[in-house]
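**Q** Take this structure first; my questions come after.
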Amino acid sequence: MSKYNFDQLIDRAGSRSVKIDALEERFGRTDLTSMWIADMDFAVCPEIINALKERIEHPIYGYSCPSPQYWESIINWLGYRYNFKVDFEELTYIPGVVKGIALAVNYFTQRGDKIIIQPPVYHPFKMVTEGNGRIVLNNPLIKTEDSYEMDFEHLERIIKEHQPRMMILCNPHNPAGILWEVETLQRLASICRKNNILVISDEIHGDLTLYGKPHHPFATVSDDAQAIAITLGAPSKTFNIPGLVSSWVVIKNPELRIPFYQWLESNEFNASTFVATIATEVAYTHGAQWLTEATKYIEENIATVIEYCDKHLPMLKPMRPQASFLMWLDCRQLGLPQNELVDLFVNKARLALNDGTMFGDEGEGFMRLNVACPRSVLIKALEQLANAIDCQ
Ligand SMILES: Cc1ncc(COP(=O)(O)O)c(C=O)c1O
């Protein structure tokens, strides 16, 4: 018997959610079912809401300091779920994972340095790199029948040729929802360490594992990985609280960590807000059942999409993600140029999805679908899509 209700329809209009309130700006119309940016349409677990309410009722919102239980909740979560053993001094707060990537890029690299990314991949990896005057070095993933693989031969070639300083790894991978195997991460770590390349491992989707397959924090896979890893994570995707801006960084290697954390401290980049730390502590301490139920619901939504496409939209090939609530839809069999594919989704099916090319040229012919919504909304969206394709 479920404790939480993920079928509930919640009207987000007017709540200043990017997902709804930025539709006009991003898609040019407001009459769309919104299935793009990566947050969930599910109510946050009541334990978090109640703790925030209680604190909000105190009438003074002054500067806050995180409680010892806040730090312990993160350490326990990582230790219990991933056997990722983290000491107190190896952990600090950062105001968002993308900002954490930006801080690490700025601190550890110079303008003109090269940074490897593996497209198709979460678009801010490129945006942060280029926006800070660094140079993107692409190591595109290789498309297999139903997933992607890392291209190690190409990686070694571009490292030799360009001497990059850093890599930004998406672990698990967005947009394809891949949980990288230990052996893959070990091989990556060994190549990067040999070549003095630091690895920022973005593990924001790591808690949302599906079908019992485990997530491996990059820093845990080998000594090489531990020596070069800057691990970024957050309860934000996991518990649907990204608007509270709560993330963390773990660096095991003291030679990297000590000066970087001092720099964060001197600039107050690691100063947290009480909404962030309270929600995080409660989420990691009391949110496990909510997460189990949410991921189960997401698995069923994924099955719904796959079955619907099999039956009614055989020219669409949705990838079954191993983690998180984003589905990478292979629409190449429709044979449409990308602008027409986007037009089909937006103006004909009235659906707001992420355009696959946002994640790199390798995303041509793909769209990214967010399935963290009530099933009734998902089924209606699939019907809208089927009707639009039928009318082509
Ligand atoms: C891989 C990845 N990293 C980071 C983020 C955003 O993190 P934050 O909101 O903490 O900057 C997202 C959001 O979709 C994501 O998919």
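In the structure tokens, the first chain shown is A, the next is B, and so on; residue numbers restart at 1 for each chain, and ligands run from 1 in the order shown.
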Just asking: which residues within stretch 141-280 of chain A are alpha helix (DSSP H) according to DSSP, as a VMD selection string?

**A** chain A and resid 152 to 162 182 to 194 223 to 228 236 to 239 254 to 266 274 to 280

**Q** Residues of chain A that have any atom at most 6 Å from an atom of ligand 1: could you tabulate them with the shortest-distance atom pair and the distance in Å to one decimal, using only C-alpha atoms and all ligand atoms, ordered by chain and increasing number, as a tab-separated table?

**A**
residue	atom	partner	partner_atom_place_in_ligand_line	distance
A:Ala38	CA	ligand 1	14 (O)	4.7
A:Gly96	CA	ligand 1	10 (O)	3.4
A:Val97	CA	ligand 1	10 (O)	3.7
A:Val98	CA	ligand 1	11 (O)	3.8
A:Lys99	CA	ligand 1	11 (O)	5.9
A:Tyr122	CA	ligand 1	1 (C)	5.5
A:Cys170	CA	ligand 1	1 (C)	5.8
A:Asn174	CA	ligand 1	1 (C)	5.4
A:Asp202	CA	ligand 1	3 (N)	5.8
A:Ile204	CA	ligand 1	3 (N)	5.6
A:Pro242	CA	ligand 1	9 (O)	5.6

**Q** Include N, CA and C atoms and write out the residues we just selected as a tab-separated table (two decimals), in the first residue's frame.

**A**
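File produced: part35.tsv:
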chain	number	residue	atom	x	y	z
A	38	ALA	N	14.20	19.30	-15.98
A	38	ALA	CA	14.23	18.11	-15.12
A	38	ALA	C	13.83	18.40	-13.67
A	96	GLY	N	24.27	24.66	-5.71
A	96	GLY	CA	23.81	24.14	-7.00
A	96	GLY	C	24.93	23.40	-7.70
A	97	VAL	N	24.56	22.35	-8.41
A	97	VAL	CA	25.58	21.53	-9.07
A	97	VAL	C	26.21	22.26	-10.25
A	98	VAL	N	25.41	22.96	-11.04
A	98	VAL	CA	26.01	23.69	-12.17
A	98	VAL	C	26.96	24.76	-11.63
A	99	LYS	N	26.55	25.43	-10.58
A	99	LYS	CA	27.47	26.44	-10.01
A	99	LYS	C	28.71	25.76	-9.43
A	122	TYR	N	24.30	16.70	-20.89
A	122	TYR	CA	23.68	17.85	-20.22
A	122	TYR	C	24.35	19.16	-20.68
A	170	CYS	N	29.18	12.87	-16.64
A	170	CYS	CA	27.79	12.82	-16.18
A	170	CYS	C	27.51	11.40	-15.72
A	174	ASN	N	22.92	11.99	-18.22
A	174	ASN	CA	21.76	12.70	-18.74
A	174	ASN	C	22.15	13.21	-20.11
A	202	ASP	N	29.50	14.64	-12.04
A	202	ASP	CA	28.17	15.19	-11.70
A	202	ASP	C	27.25	14.01	-11.42
A	204	ILE	N	24.23	14.09	-9.78
A	204	ILE	CA	22.94	14.61	-9.30
A	204	ILE	C	21.80	13.61	-9.53
A	242	PRO	N	14.77	21.21	-6.32
A	242	PRO	CA	15.85	22.01	-6.91
A	242	PRO	C	15.68	23.52	-6.67

**Q** Of the residues A:Ser147, A:Gly79, A:Gly360, A:Phe366, which is the one nearest to A:Pro337, using only C-alpha atoms?

**A**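 The answer is A:Phe366, which sits nearest to A:Pro337.
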
**Q** When distances are computed from only C-alpha atoms, which of A:Ile241, A:Leu179, A:Leu210, A:Val221 shows the smallest separation from A:Met40?

**A**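 Checking each candidate against A:Met40, we get A:Ile241 as the closest.
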
**Q** Between A:Trp328, A:Trp180, A:Tyr297, A:Trp248, which residue has the minimum interatomic distance to A:Ser73, considering only C-alpha atoms?

**A**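 With only C-alpha atoms as the atom set, the closest residue is A:Trp248.
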
**Q** So that I can check the surroundings of stretch 274-276 of chain A, please list as a PyMOL selection string every protein, DNA and RNA residue that reaches within 12 Å of it, counting only C-alpha atoms and ignoring chain neighbours fewer than 2 positions away.

**A** chain A and resi 48-56+58+60-67+70+93-96+234-236+241-248+270-272+278-283

**Q** Which one of A:Ala104, A:Ala386, A:Asn370, A:Ile10 sits closest to A:Asp310 if you count only C-alpha atoms?

**A**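 Looking at the shortest contact to A:Asp310, the residue is A:Ala386.
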
**Q** Go through A:Ser201, A:Gln163, A:Asn253, A:Asn5 one by one, measure the shortest atom-to-atom distance of each to A:Gln226 using only C-alpha atoms, and give the residue with the smallest value.

**A**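 Under the stated criterion, the closest residue is A:Asn253.
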